[in-house]
>>> print(open('upload-v7.txt').read())   # compact mmCIF, N, CA and C atoms
# COMPACT_ATOMS: atom_id res chain seq x y z
N GLN A 1 62.99 86.07 63.00
CA GLN A 1 61.87 85.82 63.91
C GLN A 1 62.37 85.73 65.34
N VAL A 2 61.51 86.20 66.26
CA VAL A 2 61.78 86.12 67.69
C VAL A 2 60.63 85.36 68.33
N GLN A 3 60.94 84.42 69.20
CA GLN A 3 59.92 83.71 69.95
C GLN A 3 59.99 84.14 71.41
N LEU A 4 58.82 84.40 71.98
CA LEU A 4 58.73 84.82 73.38
C LEU A 4 57.83 83.84 74.12
N VAL A 5 58.29 83.35 75.26
CA VAL A 5 57.51 82.42 76.06
C VAL A 5 57.42 82.95 77.48
N GLU A 6 56.18 83.22 77.92
CA GLU A 6 55.96 83.73 79.27
C GLU A 6 55.70 82.58 80.24
N SER A 7 56.01 82.82 81.49
CA SER A 7 55.71 81.86 82.55
C SER A 7 55.54 82.62 83.86
N GLY A 8 54.95 81.94 84.85
CA GLY A 8 54.87 82.51 86.18
C GLY A 8 53.51 83.04 86.59
N GLY A 9 52.52 82.98 85.72
CA GLY A 9 51.20 83.44 86.11
C GLY A 9 50.54 82.49 87.09
N GLY A 10 49.39 82.88 87.61
CA GLY A 10 48.67 82.03 88.53
C GLY A 10 47.64 82.79 89.32
N LEU A 11 47.16 82.15 90.37
CA LEU A 11 46.14 82.72 91.25
C LEU A 11 46.80 83.14 92.56
N VAL A 12 46.52 84.36 92.99
CA VAL A 12 47.11 84.86 94.23
C VAL A 12 46.08 85.73 94.94
N GLN A 13 46.17 85.80 96.24
CA GLN A 13 45.27 86.65 97.01
C GLN A 13 45.72 88.10 96.95
N SER A 14 44.78 88.99 97.16
CA SER A 14 45.08 90.42 97.20
C SER A 14 46.19 90.69 98.23
N GLY A 15 47.16 91.50 97.82
CA GLY A 15 48.31 91.78 98.68
C GLY A 15 49.49 90.88 98.45
N GLY A 16 49.28 89.83 97.67
CA GLY A 16 50.34 88.88 97.41
C GLY A 16 51.26 89.30 96.28
N SER A 17 52.17 88.40 95.93
CA SER A 17 53.17 88.68 94.90
C SER A 17 53.24 87.56 93.88
N LEU A 18 53.64 87.92 92.67
CA LEU A 18 53.93 86.96 91.61
C LEU A 18 55.11 87.51 90.82
N ARG A 19 55.86 86.60 90.22
CA ARG A 19 56.95 87.00 89.34
C ARG A 19 56.74 86.35 87.99
N LEU A 20 56.61 87.17 86.96
CA LEU A 20 56.46 86.68 85.60
C LEU A 20 57.82 86.71 84.91
N SER A 21 58.03 85.75 84.02
CA SER A 21 59.27 85.71 83.27
C SER A 21 58.96 85.50 81.79
N CYS A 22 59.77 86.13 80.95
CA CYS A 22 59.61 86.00 79.50
C CYS A 22 60.97 85.63 78.93
N ALA A 23 61.02 84.49 78.25
CA ALA A 23 62.26 84.02 77.65
C ALA A 23 62.21 84.25 76.15
N ALA A 24 63.25 84.87 75.63
CA ALA A 24 63.32 85.17 74.20
C ALA A 24 64.23 84.20 73.48
N GLY A 25 63.80 83.77 72.30
CA GLY A 25 64.61 82.89 71.46
C GLY A 25 64.55 83.34 70.03
N GLY A 26 65.42 82.78 69.20
CA GLY A 26 65.45 83.15 67.79
C GLY A 26 66.45 84.25 67.52
N VAL A 27 66.05 85.24 66.74
CA VAL A 27 66.95 86.31 66.33
C VAL A 27 67.02 87.38 67.42
N ILE A 28 67.57 87.00 68.56
CA ILE A 28 67.50 87.87 69.74
C ILE A 28 68.36 89.11 69.62
N PHE A 29 69.37 89.09 68.75
CA PHE A 29 70.23 90.26 68.64
C PHE A 29 69.48 91.45 68.04
N SER A 30 68.32 91.19 67.45
CA SER A 30 67.54 92.26 66.83
C SER A 30 66.63 92.97 67.83
N ILE A 31 66.50 92.39 69.05
CA ILE A 31 65.59 92.95 70.06
C ILE A 31 66.14 94.25 70.62
N THR A 32 65.28 95.23 70.75
CA THR A 32 65.66 96.49 71.39
C THR A 32 64.93 96.63 72.71
N THR A 33 63.79 97.28 72.71
CA THR A 33 63.01 97.47 73.93
C THR A 33 62.07 96.28 74.14
N MET A 34 61.85 95.95 75.41
CA MET A 34 60.89 94.90 75.75
C MET A 34 59.86 95.46 76.72
N GLU A 35 58.65 94.94 76.61
CA GLU A 35 57.55 95.46 77.41
C GLU A 35 56.69 94.32 77.97
N TRP A 36 55.99 94.63 79.03
CA TRP A 36 54.90 93.79 79.53
C TRP A 36 53.60 94.57 79.34
N TYR A 37 52.62 93.89 78.75
CA TYR A 37 51.27 94.42 78.60
C TYR A 37 50.32 93.52 79.38
N ARG A 38 49.12 94.01 79.61
CA ARG A 38 48.08 93.16 80.19
C ARG A 38 46.74 93.52 79.57
N GLN A 39 45.86 92.53 79.60
CA GLN A 39 44.51 92.73 79.09
C GLN A 39 43.53 92.11 80.06
N ALA A 40 42.71 92.97 80.66
CA ALA A 40 41.67 92.52 81.57
C ALA A 40 40.43 92.16 80.75
N PRO A 41 39.56 91.32 81.30
CA PRO A 41 38.34 90.94 80.57
C PRO A 41 37.53 92.16 80.17
N GLY A 42 37.17 92.24 78.90
CA GLY A 42 36.35 93.34 78.42
C GLY A 42 37.07 94.66 78.23
N LYS A 43 38.39 94.66 78.40
CA LYS A 43 39.15 95.90 78.29
C LYS A 43 40.23 95.77 77.21
N GLN A 44 40.75 96.92 76.80
CA GLN A 44 41.82 96.91 75.83
C GLN A 44 43.14 96.54 76.48
N ARG A 45 44.03 96.02 75.66
CA ARG A 45 45.37 95.70 76.15
C ARG A 45 46.08 97.01 76.52
N GLU A 46 46.78 97.00 77.67
CA GLU A 46 47.44 98.21 78.12
C GLU A 46 48.90 97.93 78.47
N LEU A 47 49.73 98.94 78.28
CA LEU A 47 51.14 98.83 78.62
C LEU A 47 51.32 98.90 80.13
N VAL A 48 52.07 97.99 80.67
CA VAL A 48 52.31 97.93 82.12
C VAL A 48 53.71 98.44 82.46
N ALA A 49 54.72 97.92 81.76
CA ALA A 49 56.10 98.30 82.06
C ALA A 49 56.95 98.11 80.82
N VAL A 50 58.02 98.90 80.75
CA VAL A 50 58.92 98.86 79.60
C VAL A 50 60.37 98.93 80.08
N ILE A 51 61.25 98.25 79.37
CA ILE A 51 62.68 98.34 79.66
C ILE A 51 63.45 98.39 78.35
N THR A 52 64.32 99.38 78.23
CA THR A 52 65.06 99.58 76.99
C THR A 52 66.32 98.71 76.94
N GLY A 53 67.01 98.78 75.82
CA GLY A 53 68.25 98.05 75.68
C GLY A 53 69.35 98.54 76.61
N SER A 54 69.23 99.77 77.08
CA SER A 54 70.21 100.32 78.02
C SER A 54 69.77 100.16 79.46
N GLY A 55 68.60 99.56 79.66
CA GLY A 55 68.13 99.30 81.02
C GLY A 55 67.22 100.35 81.62
N SER A 56 66.89 101.37 80.86
CA SER A 56 65.95 102.37 81.36
C SER A 56 64.56 101.76 81.46
N THR A 57 63.82 102.15 82.49
CA THR A 57 62.50 101.55 82.73
C THR A 57 61.41 102.60 82.80
N GLY A 58 60.18 102.14 82.57
CA GLY A 58 59.01 102.99 82.70
C GLY A 58 57.82 102.16 83.10
N TYR A 59 56.87 102.77 83.79
CA TYR A 59 55.73 102.04 84.33
C TYR A 59 54.43 102.81 84.14
N ALA A 60 53.34 102.07 84.02
CA ALA A 60 52.02 102.68 84.07
C ALA A 60 51.81 103.24 85.47
N ASP A 61 51.06 104.33 85.56
CA ASP A 61 50.82 104.94 86.87
C ASP A 61 50.18 103.95 87.85
N SER A 62 49.34 103.08 87.33
CA SER A 62 48.59 102.15 88.18
C SER A 62 49.48 101.11 88.86
N VAL A 63 50.71 100.93 88.37
CA VAL A 63 51.57 99.89 88.95
C VAL A 63 52.86 100.45 89.54
N LYS A 64 53.08 101.76 89.42
CA LYS A 64 54.30 102.36 89.96
C LYS A 64 54.43 102.09 91.44
N GLY A 65 55.62 101.69 91.85
CA GLY A 65 55.87 101.41 93.25
C GLY A 65 55.49 100.00 93.67
N ARG A 66 54.80 99.27 92.79
CA ARG A 66 54.40 97.89 93.12
C ARG A 66 55.05 96.87 92.19
N PHE A 67 55.26 97.24 90.94
CA PHE A 67 55.83 96.33 89.94
C PHE A 67 57.25 96.76 89.60
N THR A 68 58.10 95.78 89.30
CA THR A 68 59.47 96.06 88.89
C THR A 68 59.82 95.21 87.69
N ILE A 69 60.25 95.85 86.61
CA ILE A 69 60.68 95.13 85.41
C ILE A 69 62.20 95.04 85.42
N SER A 70 62.70 93.88 85.01
CA SER A 70 64.15 93.70 84.95
C SER A 70 64.49 92.84 83.73
N ARG A 71 65.75 92.92 83.33
CA ARG A 71 66.16 92.24 82.10
C ARG A 71 67.53 91.60 82.32
N ASP A 72 67.66 90.36 81.91
CA ASP A 72 68.93 89.65 81.98
C ASP A 72 69.40 89.43 80.54
N PHE A 73 70.37 90.22 80.11
CA PHE A 73 70.81 90.15 78.72
C PHE A 73 71.56 88.85 78.44
N ALA A 74 72.20 88.29 79.44
CA ALA A 74 72.93 87.04 79.24
C ALA A 74 71.97 85.87 79.03
N LYS A 75 70.85 85.90 79.74
CA LYS A 75 69.87 84.80 79.65
C LYS A 75 68.76 85.11 78.65
N ASN A 76 68.73 86.34 78.14
CA ASN A 76 67.69 86.77 77.20
C ASN A 76 66.30 86.63 77.82
N THR A 77 66.19 87.12 79.04
CA THR A 77 64.90 87.08 79.72
C THR A 77 64.53 88.48 80.22
N VAL A 78 63.24 88.69 80.38
CA VAL A 78 62.74 89.90 81.02
C VAL A 78 61.69 89.47 82.03
N ASP A 79 61.83 89.94 83.25
CA ASP A 79 60.95 89.55 84.34
C ASP A 79 60.09 90.73 84.78
N LEU A 80 58.96 90.39 85.40
CA LEU A 80 58.10 91.39 86.01
C LEU A 80 57.77 90.93 87.41
N GLN A 81 58.36 91.58 88.40
CA GLN A 81 58.05 91.30 89.79
C GLN A 81 56.84 92.13 90.19
N MET A 82 55.79 91.46 90.64
CA MET A 82 54.55 92.14 90.97
C MET A 82 54.26 91.94 92.45
N ASP A 83 54.28 93.03 93.20
CA ASP A 83 54.01 93.00 94.64
C ASP A 83 52.73 93.78 94.95
N SER A 84 52.21 93.55 96.14
CA SER A 84 50.99 94.24 96.58
C SER A 84 49.90 94.16 95.51
N LEU A 85 49.69 92.97 95.02
CA LEU A 85 48.73 92.78 93.94
C LEU A 85 47.31 93.10 94.39
N GLU A 86 46.54 93.63 93.45
CA GLU A 86 45.16 94.02 93.70
C GLU A 86 44.27 93.29 92.69
N PRO A 87 43.00 93.11 93.01
CA PRO A 87 42.09 92.46 92.06
C PRO A 87 42.10 93.13 90.68
N GLU A 88 42.34 94.44 90.67
CA GLU A 88 42.37 95.17 89.39
C GLU A 88 43.56 94.79 88.53
N ASP A 89 44.52 94.07 89.08
CA ASP A 89 45.67 93.60 88.30
C ASP A 89 45.37 92.31 87.54
N THR A 90 44.19 91.77 87.75
CA THR A 90 43.80 90.53 87.06
C THR A 90 43.76 90.73 85.56
N GLY A 91 44.28 89.74 84.83
CA GLY A 91 44.26 89.80 83.38
C GLY A 91 45.27 88.85 82.77
N VAL A 92 45.33 88.86 81.46
CA VAL A 92 46.35 88.09 80.75
C VAL A 92 47.53 89.03 80.50
N TYR A 93 48.70 88.58 80.91
CA TYR A 93 49.91 89.40 80.78
C TYR A 93 50.71 88.89 79.59
N TYR A 94 51.10 89.83 78.74
CA TYR A 94 51.82 89.51 77.51
C TYR A 94 53.19 90.17 77.51
N CYS A 95 54.15 89.45 77.05
CA CYS A 95 55.49 89.98 76.80
C CYS A 95 55.56 90.43 75.34
N HIS A 96 56.18 91.56 75.10
CA HIS A 96 56.34 92.07 73.74
C HIS A 96 57.78 92.54 73.56
N ALA A 97 58.32 92.28 72.38
CA ALA A 97 59.67 92.72 72.06
C ALA A 97 59.64 93.58 70.80
N ASP A 98 60.24 94.75 70.89
CA ASP A 98 60.49 95.55 69.70
C ASP A 98 61.80 95.05 69.09
N ALA A 99 61.83 95.03 67.76
CA ALA A 99 63.02 94.50 67.11
C ALA A 99 63.28 95.26 65.82
N ARG A 100 64.54 95.32 65.47
CA ARG A 100 64.91 95.96 64.21
C ARG A 100 64.32 95.17 63.05
N ASN A 101 63.86 95.89 62.05
CA ASN A 101 63.27 95.29 60.84
C ASN A 101 62.00 94.50 61.14
N ALA A 102 61.34 94.81 62.23
CA ALA A 102 60.06 94.17 62.57
C ALA A 102 59.12 95.27 63.04
N PRO A 103 58.36 95.87 62.14
CA PRO A 103 57.54 97.05 62.49
C PRO A 103 56.58 96.83 63.66
N PHE A 104 56.04 95.62 63.80
CA PHE A 104 55.07 95.36 64.86
C PHE A 104 55.67 94.58 66.03
N GLY A 105 56.91 94.24 65.94
CA GLY A 105 57.55 93.51 67.02
C GLY A 105 57.00 92.10 67.13
N PHE A 106 57.19 91.50 68.30
CA PHE A 106 56.78 90.11 68.53
C PHE A 106 56.07 90.00 69.87
N TRP A 107 55.09 89.10 69.91
CA TRP A 107 54.29 88.89 71.12
C TRP A 107 54.46 87.46 71.64
N GLY A 108 54.39 87.33 72.95
CA GLY A 108 54.29 86.02 73.56
C GLY A 108 52.84 85.56 73.56
N GLN A 109 52.60 84.36 74.08
CA GLN A 109 51.25 83.79 74.04
C GLN A 109 50.40 84.28 75.22
N GLY A 110 51.02 84.87 76.21
CA GLY A 110 50.28 85.40 77.36
C GLY A 110 50.25 84.42 78.52
N THR A 111 50.14 84.96 79.72
CA THR A 111 50.01 84.14 80.92
C THR A 111 48.96 84.79 81.82
N GLN A 112 48.08 83.97 82.37
CA GLN A 112 46.95 84.48 83.17
C GLN A 112 47.39 84.81 84.60
N VAL A 113 47.00 85.99 85.05
CA VAL A 113 47.19 86.40 86.44
C VAL A 113 45.81 86.70 87.02
N THR A 114 45.49 86.04 88.10
CA THR A 114 44.21 86.26 88.76
C THR A 114 44.46 86.62 90.22
N VAL A 115 43.94 87.77 90.64
CA VAL A 115 44.10 88.23 92.01
C VAL A 115 42.73 88.22 92.68
N SER A 116 42.59 87.42 93.71
CA SER A 116 41.32 87.32 94.40
C SER A 116 41.28 88.29 95.58
N SER A 117 40.08 88.78 95.87
CA SER A 117 39.93 89.76 96.97
C SER A 117 39.67 89.07 98.28
>>> encode(input="upload-v7.txt", output="structure tokens")
Amino acid sequence: QVQLVESGGGLVQSGGSLRLSCAAGGVIFSITTMEWYRQAPGKQRELVAVITGSGSTGYADSVKGRFTISRDFAKNTVDLQMDSLEPEDTGVYYCHADARNAPFGFWGQGTQVTVSS
């Protein structure tokens, strides 16, 4: 089992910044790729950013150039730096870890991000 705990959400004005952090515990050696997802009210959960075990990254088109995902293998954390935030970025942000022998991976409990206009 892997446990994921997110932190760093909150309320920010449009144009502002927030940094989310996800701490992994448990059977962390099984973790491969890690991702940040978000779910806006009334919408489906969507992939925001991904980082592989080798450090390769990928982003949704809507956040490219504004969000940066990073991973600290020593601390077992993955962060999401969010700059130039827009009201459309509002939602619950979830950390997800893909892991060996875990077909659906593991989810964190989510952290709320609210961007006011």
>>> residues_around(input="upload-v7.txt", residues="Ala49 in chain A", least_positions_apart="6", cutoff="5 Å", atoms="only N, CA and C atoms", output="compact mmCIF listing (two decimals) with N, CA and C atoms, in the frame of the given file")
# COMPACT_ATOMS: atom_id res chain seq x y z
N GLU A 35 58.65 94.94 76.61
CA GLU A 35 57.55 95.46 77.41
C GLU A 35 56.69 94.32 77.97
N TRP A 36 55.99 94.63 79.03
CA TRP A 36 54.90 93.79 79.53
C TRP A 36 53.60 94.57 79.34
N GLY A 58 60.18 102.14 82.57
CA GLY A 58 59.01 102.99 82.70
C GLY A 58 57.82 102.16 83.10
N TYR A 59 56.87 102.77 83.79
CA TYR A 59 55.73 102.04 84.33
C TYR A 59 54.43 102.81 84.14
N ALA A 60 53.34 102.07 84.02
CA ALA A 60 52.02 102.68 84.07
C ALA A 60 51.81 103.24 85.47
>>> atom_distance(input="upload-v7.txt", atom1="atom N of Gly42 in chain A", atom2="CA of Ser116 in chain A")
16.8 Å
>>> closest_residue(input="upload-v7.txt", among="A:Ala102, A:Leu11, A:Ala74, A:Val48", to="Ala24 in chain A", atoms="only C-alpha atoms")
A:Ala74
>>> select_by_dssp(input="upload-v7.txt", residues="range 65-107 of chain A", states="strand (DSSP E)", output="list of chain:residue names")
A:Phe67, A:Thr68, A:Ile69, A:Ser70, A:Arg71, A:Asp72, A:Thr77, A:Val78, A:Asp79, A:Leu80, A:Gln81, A:Met82, A:Gly91, A:Val92, A:Tyr93, A:Tyr94, A:Cys95, A:His96, A:Ala97, A:Asp98, A:Ala99, A:Ala102, A:Pro103, A:Phe104, A:Gly105, A:Phe106, A:Trp107
>>> axis_aligned_box(input="upload-v7.txt", around="range 80-92 of chain A", padding_each_side="4 Å", output="JSON")
{"center_x": 50.5, "center_y": 91.6, "center_z": 88.5, "size_x": 24.9, "size_y": 15.1, "size_z": 24.1}
>>> closest_residue(input="upload-v7.txt", among="A:Arg38, A:Thr77, A:Val50, A:Asp61", to="Gly25 in chain A", atoms="only N, CA and C atoms")
A:Thr77
>>> closest_residue(input="upload-v7.txt", among="A:Phe106, A:Phe29, A:Tyr94, A:Phe67", to="Met82 in chain A", atoms="only C-alpha atoms")
A:Phe67
>>> residues_near_point(input="upload-v7.txt", point="(64.9, 83.1, 68.7)", cutoff="6.5 Å", atoms="only N, CA and C atoms", output="list in words")
Gln1, Val2, Gln3, Ala24, Gly25, Gly26, Val27 and Ile28 of chain A
>>> atom_distance(input="upload-v7.txt", atom1="atom N of Pro103 in chain A", atom2="atom C of Met34 in chain A")
14.7 Å
>>> residues_around(input="upload-v7.txt", residues="Ala23 in chain A", least_positions_apart="6", cutoff="8 Å", atoms="all atoms listed in the file", output="number ranges by chain")
A: 3-7, 75-79, 95
>>> residues_around(input="upload-v7.txt", residues="Asp98 in chain A", least_positions_apart="4", cutoff="6 Å", atoms="only C-alpha atoms", output="PyMOL selection string")
chain A and resi 31-33+105
